[in-house]
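Below is the file target-v2.txt, which contains compact mmCIF, C-alpha atoms.
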```
# COMPACT_ATOMS: atom_id res chain seq x y z
CA MET P 1 225.83 76.28 125.49
CA LEU P 2 224.53 76.96 121.99
CA ILE P 3 222.89 80.28 121.07
CA TYR P 4 221.47 81.43 117.76
CA ASN P 5 223.57 84.17 116.21
CA SER P 6 221.56 86.41 113.89
CA ARG P 7 224.72 87.25 111.96
CA SER P 8 225.54 83.66 110.93
CA GLN P 9 221.89 82.55 111.15
CA THR P 10 223.03 79.39 112.92
CA LYS P 11 223.44 78.13 116.46
CA GLU P 12 226.95 78.65 117.77
CA GLU P 13 228.76 77.71 120.94
CA LEU P 14 228.96 80.69 123.28
CA ILE P 15 232.60 81.64 123.62
CA THR P 16 233.16 85.00 125.29
CA GLN P 17 236.15 87.24 124.61
CA GLU P 18 237.12 87.14 128.29
CA PRO P 19 236.76 83.90 130.31
CA ASN P 20 233.73 83.84 132.64
CA LYS P 21 232.67 87.36 131.72
CA VAL P 22 229.88 88.44 129.38
CA ARG P 23 229.52 91.99 128.07
CA ALA P 24 225.90 92.41 127.00
CA TYR P 25 223.85 95.32 125.73
CA VAL P 26 220.06 95.29 125.48
CA CYS P 27 218.09 97.88 123.54
CA GLY P 28 215.64 99.58 125.88
CA PRO P 29 212.41 101.48 125.21
CA THR P 30 211.79 104.92 123.79
CA VAL P 31 210.17 106.46 126.83
CA TYR P 32 207.09 108.28 125.57
CA ASP P 33 204.53 105.73 126.79
CA TYR P 34 204.07 102.74 129.10
CA CYS P 35 205.90 99.50 128.30
CA HIS P 36 203.92 96.82 126.48
CA ILE P 37 204.21 93.03 126.52
CA GLY P 38 206.51 93.13 123.49
CA HIS P 39 209.02 94.98 125.68
CA ALA P 40 208.36 92.41 128.40
CA ARG P 41 209.24 89.54 126.08
CA THR P 42 212.61 91.12 125.28
CA TYR P 43 213.54 91.87 128.88
CA VAL P 44 212.22 88.62 130.38
CA ASN P 45 214.04 86.43 127.87
CA PHE P 46 217.31 88.30 128.25
CA ASP P 47 216.83 88.05 132.02
CA VAL P 48 216.66 84.26 131.67
CA LEU P 49 219.87 84.24 129.62
CA ARG P 50 221.58 86.36 132.24
CA ARG P 51 220.34 84.17 135.11
CA TYR P 52 221.45 81.01 133.32
CA LEU P 53 224.91 82.39 132.60
CA GLU P 54 225.30 83.59 136.19
CA ALA P 55 224.25 80.14 137.44
CA GLN P 56 227.17 78.75 135.42
CA GLY P 57 229.62 81.14 137.03
CA TYR P 58 229.71 83.99 134.52
CA GLU P 59 229.88 87.61 135.54
CA VAL P 60 227.37 89.39 133.32
CA LEU P 61 227.91 93.09 132.65
CA HIS P 62 224.45 94.10 131.48
CA VAL P 63 223.85 97.58 130.07
CA GLN P 64 220.39 98.69 128.96
CA ASN P 65 219.46 102.08 127.57
CA PHE P 66 216.52 104.42 127.66
CA THR P 67 216.01 106.43 124.49
CA ASP P 68 214.95 109.78 125.96
CA VAL P 69 215.75 111.94 122.91
CA ASP P 70 213.19 111.26 120.21
CA ASP P 71 210.51 112.96 118.12
CA LYS P 72 207.76 110.88 119.75
CA ILE P 73 208.77 112.20 123.17
CA THR P 74 208.73 115.76 121.89
CA MET P 75 205.29 115.34 120.33
CA ARG P 76 203.68 113.81 123.40
CA ALA P 77 205.30 116.32 125.74
CA ARG P 78 203.90 119.12 123.59
CA GLU P 79 200.42 117.53 123.72
CA GLU P 80 200.58 117.32 127.52
CA GLY P 81 202.17 120.73 128.00
CA VAL P 82 205.26 119.42 129.80
CA GLU P 83 208.98 119.41 129.11
CA PRO P 84 210.29 116.38 127.16
CA MET P 85 212.64 115.30 129.97
CA GLU P 86 209.79 115.49 132.49
CA LEU P 87 207.78 113.12 130.31
CA ALA P 88 210.77 110.80 129.87
CA ASP P 89 211.42 110.73 133.63
CA ARG P 90 207.82 109.73 134.26
CA PHE P 91 207.83 106.80 131.87
CA ILE P 92 211.27 105.59 132.98
CA ALA P 93 209.87 105.36 136.52
CA LYS P 94 206.86 103.43 135.21
CA CYS P 95 209.15 101.11 133.26
CA PHE P 96 211.03 100.22 136.44
CA GLN P 97 207.73 99.40 138.14
CA ASP P 98 206.93 96.93 135.36
CA ILE P 99 210.45 95.44 135.41
CA ASP P 100 210.24 94.81 139.15
CA ALA P 101 206.73 93.32 138.92
CA LEU P 102 208.03 90.78 136.39
CA ASN P 103 211.00 89.84 138.62
CA ILE P 104 213.50 91.06 136.02
CA LYS P 105 216.95 91.64 137.51
CA ARG P 106 218.06 95.24 137.26
CA ALA P 107 220.80 95.88 134.70
CA THR P 108 224.34 96.49 135.85
CA LYS P 109 223.86 99.98 134.43
CA TYR P 110 221.00 101.88 132.80
CA THR P 111 221.95 104.64 130.40
CA ARG P 112 220.03 107.57 128.94
CA ALA P 113 220.78 108.99 125.51
CA SER P 114 220.59 112.57 126.80
CA GLU P 115 223.53 111.91 129.13
CA TYR P 116 225.80 110.76 126.29
CA VAL P 117 225.52 113.72 123.93
CA PRO P 118 229.20 114.78 124.38
CA LYS P 119 230.33 111.24 123.47
CA ILE P 120 227.94 111.17 120.51
CA ILE P 121 229.45 114.44 119.27
CA LYS P 122 232.97 112.95 119.53
CA ILE P 123 231.88 109.88 117.56
CA THR P 124 230.37 112.08 114.86
CA GLN P 125 233.55 114.16 114.67
CA ARG P 126 235.71 111.01 114.33
CA LEU P 127 233.54 109.69 111.52
CA LEU P 128 233.76 113.02 109.72
CA GLU P 129 237.56 112.93 110.06
CA LYS P 130 237.64 109.38 108.69
CA GLY P 131 235.57 110.39 105.68
CA CYS P 132 232.74 108.08 106.70
CA ALA P 133 230.35 110.97 107.35
CA TYR P 134 229.38 114.18 105.58
CA ARG P 135 227.18 117.21 106.11
CA ALA P 136 224.19 117.74 103.80
CA GLY P 137 221.17 119.96 104.34
CA ASP P 138 220.48 120.29 108.05
CA ALA P 139 222.09 116.99 109.06
CA ILE P 140 225.30 115.00 109.24
CA TYR P 141 224.98 111.63 107.56
CA PHE P 142 226.88 108.38 107.79
CA ASP P 143 228.21 107.34 104.38
CA VAL P 144 227.20 103.67 104.13
CA GLU P 145 228.99 102.96 100.85
CA ARG P 146 232.24 104.63 101.96
CA ALA P 147 232.20 102.50 105.13
CA GLY P 148 231.92 99.28 103.16
CA GLY P 149 228.18 98.83 102.92
CA PHE P 150 225.65 96.83 104.88
CA GLY P 151 225.65 93.06 105.20
CA GLU P 152 226.37 92.28 108.86
CA LEU P 153 222.80 91.14 109.55
CA VAL P 154 220.85 91.77 106.33
CA LYS P 155 222.08 90.49 102.99
CA ASP P 156 219.16 91.64 100.80
CA LEU P 157 218.01 95.24 101.19
CA LYS P 158 215.35 95.21 98.47
CA GLY P 159 212.35 97.10 99.75
CA ALA P 160 214.23 98.20 102.91
CA VAL P 161 213.10 101.38 104.62
CA VAL P 162 215.42 104.33 104.07
CA ASP P 163 215.88 107.47 106.13
CA MET P 164 213.97 110.15 104.22
CA LEU P 165 215.20 113.18 106.16
CA GLU P 166 216.61 115.55 103.52
CA ALA P 167 216.53 112.59 101.12
CA GLY P 168 217.48 114.75 98.16
CA ALA P 169 220.70 115.86 99.83
CA LYS P 170 221.99 112.42 100.71
CA ARG P 171 224.72 110.71 98.71
CA GLY P 172 223.25 107.23 99.09
CA PRO P 173 219.72 105.96 99.76
CA PHE P 174 220.74 104.06 102.90
CA ASP P 175 222.83 106.83 104.48
CA PHE P 176 221.50 107.63 107.94
CA VAL P 177 221.53 110.57 110.33
CA LEU P 178 224.28 110.90 112.93
CA TRP P 179 223.33 114.43 114.01
CA ARG P 180 220.83 117.01 112.81
CA GLU P 181 219.99 120.63 113.51
CA ALA P 182 217.34 121.33 116.11
CA ARG P 183 213.78 122.08 115.19
CA GLU P 184 211.56 124.52 117.02
CA GLY P 185 210.21 123.28 120.33
CA GLU P 186 212.31 120.11 120.64
CA GLU P 187 215.07 119.14 123.04
CA SER P 188 218.41 120.30 121.61
CA TYR P 189 222.09 120.39 122.54
CA SER P 190 225.10 122.54 121.74
CA SER P 191 227.56 121.12 119.21
CA PRO P 192 230.30 122.31 116.80
CA TRP P 193 227.56 122.40 114.16
CA GLY P 194 225.14 124.50 116.20
CA MET P 195 222.19 123.46 118.31
CA GLY P 196 220.98 119.99 117.39
CA ARG P 197 220.29 116.45 118.48
CA PRO P 198 221.74 112.98 117.84
CA GLY P 199 220.47 110.22 115.59
CA TRP P 200 219.07 107.05 117.14
CA HIS P 201 221.81 104.70 115.91
CA THR P 202 224.58 107.00 117.13
CA GLU P 203 223.06 107.00 120.62
CA CYS P 204 223.28 103.23 121.12
CA VAL P 205 226.84 102.96 119.77
CA ALA P 206 227.97 105.64 122.22
CA MET P 207 226.19 104.11 125.22
CA SER P 208 227.27 100.53 124.58
CA MET P 209 230.92 101.18 123.68
CA ASP P 210 231.45 103.64 126.52
CA ASN P 211 230.34 101.07 129.11
CA LEU P 212 231.28 97.72 127.57
CA GLY P 213 234.23 98.43 125.28
CA GLU P 214 234.73 98.28 121.54
CA VAL P 215 233.55 94.67 121.21
CA LEU P 216 230.40 93.29 122.85
CA ASP P 217 229.80 89.63 123.51
CA ILE P 218 226.02 89.85 123.16
CA HIS P 219 223.67 92.47 121.75
CA TRP P 220 219.97 91.65 122.28
CA GLY P 221 216.81 93.25 120.95
CA GLY P 222 213.52 92.63 119.20
CA ARG P 223 213.57 91.24 115.65
CA ASP P 224 212.26 94.54 114.31
CA LEU P 225 215.58 96.17 115.30
CA ILE P 226 217.70 94.04 112.96
CA TYR P 227 217.26 96.66 110.24
CA PRO P 228 217.86 99.50 110.30
CA HIS P 229 218.97 99.94 113.89
CA HIS P 230 221.37 97.07 114.51
CA GLU P 231 222.69 96.98 110.94
CA CYS P 232 223.51 100.69 111.25
CA GLU P 233 225.11 100.24 114.67
CA ALA P 234 227.33 97.42 113.42
CA LEU P 235 228.65 99.35 110.42
CA MET P 236 229.18 102.57 112.34
CA ALA P 237 231.10 100.83 115.14
CA LYS P 238 233.29 98.96 112.65
CA ALA P 239 234.08 102.25 110.87
CA LEU P 240 235.18 103.70 114.22
CA THR P 241 237.35 100.83 115.46
CA GLY P 242 238.02 98.50 112.55
CA LYS P 243 236.70 95.65 114.72
CA THR P 244 233.61 93.46 114.58
CA PHE P 245 231.26 95.21 116.99
CA VAL P 246 229.25 92.24 118.33
CA ARG P 247 230.17 88.56 118.64
CA TYR P 248 226.61 87.28 119.07
CA TRP P 249 223.53 89.16 117.89
CA MET P 250 220.36 87.83 119.53
CA HIS P 251 216.80 88.80 118.57
CA ASN P 252 213.44 87.71 119.95
CA ASP P 253 210.43 87.42 117.65
CA PHE P 254 207.11 89.26 117.80
CA ILE P 255 204.04 88.86 119.97
CA LEU P 256 200.85 88.36 117.95
CA LEU P 257 197.37 89.58 118.73
CA GLY P 258 194.73 87.67 116.82
CA GLY P 259 197.40 86.37 114.49
CA GLU P 260 198.77 89.83 113.64
CA LYS P 261 201.91 91.57 114.88
CA MET P 262 201.43 93.81 117.88
CA SER P 263 202.40 97.37 117.00
CA LYS P 264 202.23 100.79 118.61
CA SER P 265 201.79 102.39 115.21
CA THR P 266 198.52 100.50 114.64
CA GLY P 267 197.32 100.91 118.21
CA ARG P 268 197.39 97.13 118.67
CA THR P 269 199.24 96.91 121.98
CA VAL P 270 198.76 95.39 125.40
CA LEU P 271 200.42 97.21 128.28
CA ILE P 272 202.28 95.25 130.94
CA ARG P 273 200.49 97.13 133.71
CA ASP P 274 197.08 96.28 132.29
CA VAL P 275 197.89 92.56 132.33
CA LEU P 276 199.19 92.85 135.90
CA LYS P 277 195.84 94.22 137.03
CA ARG P 278 194.32 90.81 136.25
CA HIS P 279 197.21 88.39 136.76
CA PRO P 280 200.39 88.29 138.86
CA GLY P 281 203.72 88.80 137.18
CA GLU P 282 204.54 85.08 137.45
CA VAL P 283 201.66 84.20 135.13
CA LEU P 284 202.73 86.67 132.44
CA ARG P 285 206.32 85.51 132.81
CA THR P 286 205.20 81.88 132.38
CA LEU P 287 203.38 82.80 129.18
CA LEU P 288 206.34 84.76 127.79
CA LEU P 289 208.63 81.76 128.35
CA SER P 290 206.19 79.16 126.99
CA LYS P 291 207.97 79.23 123.62
CA ASN P 292 211.54 79.77 122.49
CA TYR P 293 212.34 83.46 122.20
CA ARG P 294 212.84 83.12 118.42
CA GLU P 295 209.28 81.87 117.82
CA GLN P 296 206.27 84.11 117.40
CA LEU P 297 204.02 84.05 120.46
CA GLU P 298 200.25 84.49 120.42
CA PHE P 299 198.82 86.57 123.26
CA SER P 300 195.23 86.20 124.43
CA GLU P 301 193.20 85.91 127.61
CA GLU P 302 192.88 82.18 126.90
CA GLU P 303 196.67 81.82 126.74
CA LEU P 304 196.95 83.76 130.00
CA GLU P 305 194.45 81.44 131.70
CA ASP P 306 196.39 78.40 130.44
CA SER P 307 199.58 79.94 131.83
CA LYS P 308 197.87 80.53 135.17
CA GLU P 309 196.93 76.84 135.33
CA ARG P 310 200.50 75.83 134.47
CA TYR P 311 201.85 78.16 137.11
CA ASP P 312 199.42 76.82 139.73
CA ARG P 313 200.48 73.24 139.02
CA MET P 314 204.16 74.09 139.32
CA ARG P 315 203.55 75.98 142.54
CA MET P 316 201.59 73.11 144.10
CA ALA P 317 204.18 70.56 142.99
CA ALA P 318 207.00 72.71 144.38
CA ARG P 319 205.23 72.87 147.72
CA GLU P 320 204.90 69.06 147.77
CA ALA P 321 208.52 68.54 146.77
CA ARG P 322 209.82 70.91 149.41
CA ARG P 323 207.85 69.30 152.21
CA ALA P 324 210.33 66.41 152.12
CA GLY P 325 213.10 68.79 153.11
CA PRO P 326 216.61 69.11 151.64
CA THR P 327 218.39 65.98 150.43
CA ASN P 328 221.54 65.13 148.53
CA GLU P 329 219.78 62.25 146.82
CA ILE P 330 218.19 62.49 143.40
CA SER P 331 216.01 59.74 142.00
CA PRO P 332 216.43 58.44 138.42
CA CYS P 333 213.02 59.93 137.54
CA VAL P 334 213.95 63.39 138.77
CA LYS P 335 217.40 63.17 137.15
CA ASP P 336 215.74 62.56 133.78
CA TYR P 337 213.64 65.69 134.19
CA VAL P 338 216.62 67.74 135.39
CA ASP P 339 218.60 66.60 132.34
CA MET P 340 215.70 67.56 130.07
CA PHE P 341 215.47 71.00 131.70
CA PHE P 342 219.16 71.85 131.41
CA GLY P 343 219.49 70.22 128.01
CA ALA P 344 216.74 72.50 126.75
CA MET P 345 218.38 75.57 128.27
CA ASP P 346 221.73 74.68 126.71
CA ASP P 347 220.03 74.49 123.32
CA ASN P 348 219.52 78.20 122.64
CA LEU P 349 217.33 78.82 125.69
CA GLU P 350 214.50 76.46 124.75
CA THR P 351 212.41 77.72 127.64
CA GLY P 352 209.23 76.16 126.26
CA GLN P 353 210.81 72.70 126.43
CA ALA P 354 212.26 73.43 129.87
CA LEU P 355 208.83 74.44 131.18
CA ALA P 356 207.26 71.37 129.57
CA ALA P 357 209.68 69.15 131.50
CA VAL P 358 208.77 70.91 134.74
CA GLU P 359 205.05 70.67 134.01
CA ASN P 360 205.23 66.96 133.17
CA MET P 361 207.11 66.24 136.38
CA SER P 362 204.61 68.36 138.30
CA LEU P 363 201.70 66.35 136.89
CA GLU P 364 203.38 63.07 137.86
CA LEU P 365 204.34 64.32 141.30
CA LEU P 366 200.78 65.49 142.03
CA SER P 367 199.15 62.35 140.64
CA SER P 368 197.70 59.98 143.24
CA TYR P 369 198.49 57.09 140.90
CA SER P 370 202.21 57.70 140.58
CA GLU P 371 204.47 55.34 142.48
CA LYS P 372 207.72 56.93 141.33
CA ASP P 373 210.38 58.22 143.67
CA PHE P 374 210.70 62.03 143.44
CA ALA P 375 213.67 62.45 145.77
CA GLY P 376 215.49 65.68 144.97
CA ALA P 377 212.57 67.14 143.01
CA SER P 378 213.01 70.47 144.75
CA ARG P 379 216.12 71.01 142.60
CA ILE P 380 214.14 71.50 139.43
CA PHE P 381 211.78 73.92 141.16
CA ASP P 382 214.78 75.84 142.47
CA ALA P 383 215.89 76.12 138.83
CA VAL P 384 212.46 77.44 137.84
CA GLU P 385 212.83 80.19 140.43
CA ASN P 386 216.51 81.00 140.00
CA ILE P 387 216.94 80.54 136.24
CA LEU P 388 213.48 81.05 134.71
CA GLY P 389 212.78 83.70 137.34
CA ILE P 390 209.27 82.37 138.10
CA LYS P 391 208.65 82.60 141.83
CA LEU P 392 206.84 79.58 143.24
CA GLY P 393 206.85 80.16 146.98
CA HIS P 394 204.37 83.00 147.59
CA SER P 395 200.67 83.71 147.31
CA MET P 396 198.82 84.24 144.04
CA SER P 397 197.65 87.75 144.93
CA THR P 398 197.72 90.10 141.95
CA GLN P 399 200.20 92.95 141.70
```
Before we go any further, please render this structure as structure tokens.
Amino acid sequence: MLIYNSRSQTKEELITQEPNKVRAYVCGPTVYDYCHIGHARTYVNFDVLRRYLEAQGYEVLHVQNFTDVDDKITMRAREEGVEPMELADRFIAKCFQDIDALNIKRATKYTRASEYVPKIIKITQRLLEKGCAYRAGDAIYFDVERAGGFGELVKDLKGAVVDMLEAGAKRGPFDFVLWREAREGEESYSSPWGMGRPGWHTECVAMSMDNLGEVLDIHWGGRDLIYPHHECEALMAKALTGKTFVRYWMHNDFILLGGEKMSKSTGRTVLIRDVLKRHPGEVLRTLLLSKNYREQLEFSEEELEDSKERYDRMRMAAREARRAGPTNEISPCVKDYVDMFFGAMDDNLETGQALAAVENMSLELLSSYSEKDFAGASRIFDAVENILGIKLGHSMSTQ
């Protein structure tokens, strides 16, 4: 199987550090609001990778985090007059509702940043001892230059966003916060440096390494996380262990609305739950898999309607194929489509091509003019359900 590695910017054969076992970490949401379809694209596509690997006999250790310590959580909690953790708990519960509605397999383990503060403090102390961190102003910073500099995922940092907290006190423009002193009214924790809270990048390093070890096979997230988040994670982890943190970095591209990137900051978002009021989860999942995860994907009501029609055809064709009952035979026609499906999946999860193969076979199977033999066709529909995670055997009632 070939997957695109964001570090090498090429497709590489997947070779895990331990035979038949994959250690994978997926960046989860900051829980101050409902999940949107950009989140859905990340989790659905990783879910397909996990399902495909498990179908090939891999054990997948899948860890996904919830960022529940963040300024946005503090601000919204203050607006609503509730405690930050109460707000985080609410939106974590809502996130699980969305995950289940989209038939996304639950992670092996979900982690919360607030539960890893002691480990984050130990990491910060180790980096201080190694000389890769320093205290300035009200924060402890990671010294990017001392650690060897960036370059794991981003080679050209011209115009890159820098952390402006206490910018005048930092040694280097790209140095980032590991820990900072608490501000009034926000969630804070006891540390050797007084009451404070961890930096975002430190949180994910602590949660991933504590559960998956010093080297991960796969680290997945949205393309917007390449810099600064994943670049910072990679350098920090290497400073701690001397090892390459991640073997394969995988990133899905953006969802577009009217040709422009969907973004919370601009208010241009579509919530998963709002889509599920009009369409079942299978339809949204079909749309999210209609292109390779590395391509930009346009979202619109028209695209949703097209996906509903595609889903309906697959469902009707699956029903026809399964009426014949189980068989060990497979016709040459069906074998060609099965080969196309799995060939596409082996080529960096080309789910759009895999779905196209299923749709073309569905059209032929349902055509009154076709005289082809479709013995064994149920196999490809089983793959749609078990690998693409699109259920085909139940009613179209909305969630």
Spatial neighbours of stretch 377-385 of chain P, max dist 8 Å, all atoms listed in the file, sep filter under 2 positions, as a ChimeraX atom specification: /P:314,318,321-322,326,330,334,337-338,341,358,374-375,387-392
Please report as JSON lines every residue of stretch 113-137 of chain P lying within 8 Å of stretch 188-210 of chain P, along with the nearest atom pair and their distance in Å (one decimal), using all atoms listed in the file.
```
{"residue": "P:Ala113", "atom": "CA", "partner": "P:Glu203", "partner_atom": "CA", "distance": 5.8}
{"residue": "P:Tyr116", "atom": "CA", "partner": "P:Met207", "partner_atom": "CA", "distance": 6.7}
{"residue": "P:Val117", "atom": "CA", "partner": "P:Pro198", "partner_atom": "CA", "distance": 7.2}
{"residue": "P:Lys119", "atom": "CA", "partner": "P:Ala206", "partner_atom": "CA", "distance": 6.2}
{"residue": "P:Ile120", "atom": "CA", "partner": "P:Ala206", "partner_atom": "CA", "distance": 5.8}
{"residue": "P:Ile121", "atom": "CA", "partner": "P:Ser191", "partner_atom": "CA", "distance": 6.9}
{"residue": "P:Ile123", "atom": "CA", "partner": "P:Ala206", "partner_atom": "CA", "distance": 7.4}
```
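Taking atom CA of P:Gln64 and atom CA of P:Phe299 as the two end points, the separation is 25.4 Å.
From atom CA of P:Gly149 back to atom CA of P:Lys238, the distance works out to 11.0 Å.
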Distance criterion (all atoms listed in the file): nearest to P:Cys132 out of P:His219, P:Tyr34, P:Tyr43, P:Leu235: P:Leu235
Neighbour list for P:Glu359 as a PyMOL selection string, cut-off 8 Å, all atoms listed in the file, skip fewer than 2 positions in-chain: chain P and resi 310+313-314+355-357+361-363
Residue nearest P:Arg268 - candidates P:Pro332, P:His36, P:Ala237, P:Arg247, atoms counted: all atoms listed in the file: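 With all atoms listed in the file as the atom set, the closest residue is P:His36.
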Selection: 7 Å around P:Glu231, all atoms listed in the file, excl. self and same-chain fewer than 3 positions, as number ranges by chain: P: 150, 152-153, 226-228, 234-235
Selected residues, C-alpha atoms, written as a CSV table (one decimal), in the coordinates of the input, please.
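What follows is the written file selection-v8.csv:
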```
chain,number,residue,atom,x,y,z
P,150,PHE,CA,225.6,96.8,104.9
P,152,GLU,CA,226.4,92.3,108.9
P,153,LEU,CA,222.8,91.1,109.6
P,226,ILE,CA,217.7,94.0,113.0
P,227,TYR,CA,217.3,96.7,110.2
P,228,PRO,CA,217.9,99.5,110.3
P,234,ALA,CA,227.3,97.4,113.4
P,235,LEU,CA,228.6,99.4,110.4
```
Distance in Å - atom CA of P:Lys335 versus atom CA of P:Glu371: 16.0 Å
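For the set P:Leu49, P:Leu14, P:Ala24, P:Ala88, the residue with the smallest atom-to-atom gap to P:Leu2 is P:Leu14, counting all atoms listed in the file.
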Test item: residues at most 9 Å from P:Asp138, all atoms listed in the file, excluding those fewer than 5 positions along its chain, as a count of residues only: 5
Nearest-residue call for P:Thr351, choices P:Leu87, P:Leu365, P:Ala55, P:Leu289, using only C-alpha atoms: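 Ranking P:Leu87, P:Leu365, P:Ala55, P:Leu289 by distance to P:Thr351, first place goes to P:Leu289.
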Ref. answer, residues at most 12 Å from (205.9, 104.8, 131.3) with all atoms listed in the file, as an NGL selection string: :P and (29-36 or 39 or 66 or 68 or 73 or 86-99 or 271-273)
For stretch 249-260 of chain P: contacts at 9 Å, all atoms listed in the file, fewer than 5 positions along chain excluded, given as JSON, numbers by chain: {"P": [3, 4, 5, 6, 7, 37, 38, 41, 42, 45, 153, 217, 218, 219, 220, 221, 222, 223, 224, 225, 226, 230, 268, 269, 270, 292, 293, 294, 295, 296, 297, 298, 299, 300]}
I need the chosen residues saved as a PDB file, in the coordinates of the input, with C-alpha atoms.
```
ATOM      1  CA  ILE P   3     222.890  80.280 121.070  1.00  0.00           C
ATOM      2  CA  TYR P   4     221.470  81.430 117.760  1.00  0.00           C
ATOM      3  CA  ASN P   5     223.570  84.170 116.210  1.00  0.00           C
ATOM      4  CA  SER P   6     221.560  86.410 113.890  1.00  0.00           C
ATOM      5  CA  ARG P   7     224.720  87.250 111.960  1.00  0.00           C
ATOM      6  CA  ILE P  37     204.210  93.030 126.520  1.00  0.00           C
ATOM      7  CA  GLY P  38     206.510  93.130 123.490  1.00  0.00           C
ATOM      8  CA  ARG P  41     209.240  89.540 126.080  1.00  0.00           C
ATOM      9  CA  THR P  42     212.610  91.120 125.280  1.00  0.00           C
ATOM     10  CA  ASN P  45     214.040  86.430 127.870  1.00  0.00           C
ATOM     11  CA  LEU P 153     222.800  91.140 109.550  1.00  0.00           C
ATOM     12  CA  ASP P 217     229.800  89.630 123.510  1.00  0.00           C
ATOM     13  CA  ILE P 218     226.020  89.850 123.160  1.00  0.00           C
ATOM     14  CA  HIS P 219     223.670  92.470 121.750  1.00  0.00           C
ATOM     15  CA  TRP P 220     219.970  91.650 122.280  1.00  0.00           C
ATOM     16  CA  GLY P 221     216.810  93.250 120.950  1.00  0.00           C
ATOM     17  CA  GLY P 222     213.520  92.630 119.200  1.00  0.00           C
ATOM     18  CA  ARG P 223     213.570  91.240 115.650  1.00  0.00           C
ATOM     19  CA  ASP P 224     212.260  94.540 114.310  1.00  0.00           C
ATOM     20  CA  LEU P 225     215.580  96.170 115.300  1.00  0.00           C
ATOM     21  CA  ILE P 226     217.700  94.040 112.960  1.00  0.00           C
ATOM     22  CA  HIS P 230     221.370  97.070 114.510  1.00  0.00           C
ATOM     23  CA  ARG P 268     197.390  97.130 118.670  1.00  0.00           C
ATOM     24  CA  THR P 269     199.240  96.910 121.980  1.00  0.00           C
ATOM     25  CA  VAL P 270     198.760  95.390 125.400  1.00  0.00           C
ATOM     26  CA  ASN P 292     211.540  79.770 122.490  1.00  0.00           C
ATOM     27  CA  TYR P 293     212.340  83.460 122.200  1.00  0.00           C
ATOM     28  CA  ARG P 294     212.840  83.120 118.420  1.00  0.00           C
ATOM     29  CA  GLU P 295     209.280  81.870 117.820  1.00  0.00           C
ATOM     30  CA  GLN P 296     206.270  84.110 117.400  1.00  0.00           C
ATOM     31  CA  LEU P 297     204.020  84.050 120.460  1.00  0.00           C
ATOM     32  CA  GLU P 298     200.250  84.490 120.420  1.00  0.00           C
ATOM     33  CA  PHE P 299     198.820  86.570 123.260  1.00  0.00           C
ATOM     34  CA  SER P 300     195.230  86.200 124.430  1.00  0.00           C
TER      35      SER P 300
END
```
Sel. within 8 Å of pt (217.0, 88.6, 141.5), counting only C-alpha atoms, output as a ChimeraX atom specification: /P:103-106,386,389
Given all atoms listed in the file as the counted atoms, nearest of P:Arg50, P:Arg183, P:Lys372, P:Arg126 to P:Met75: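 Comparing P:Arg50, P:Arg183, P:Lys372, P:Arg126 against P:Met75, the winner is P:Arg183.
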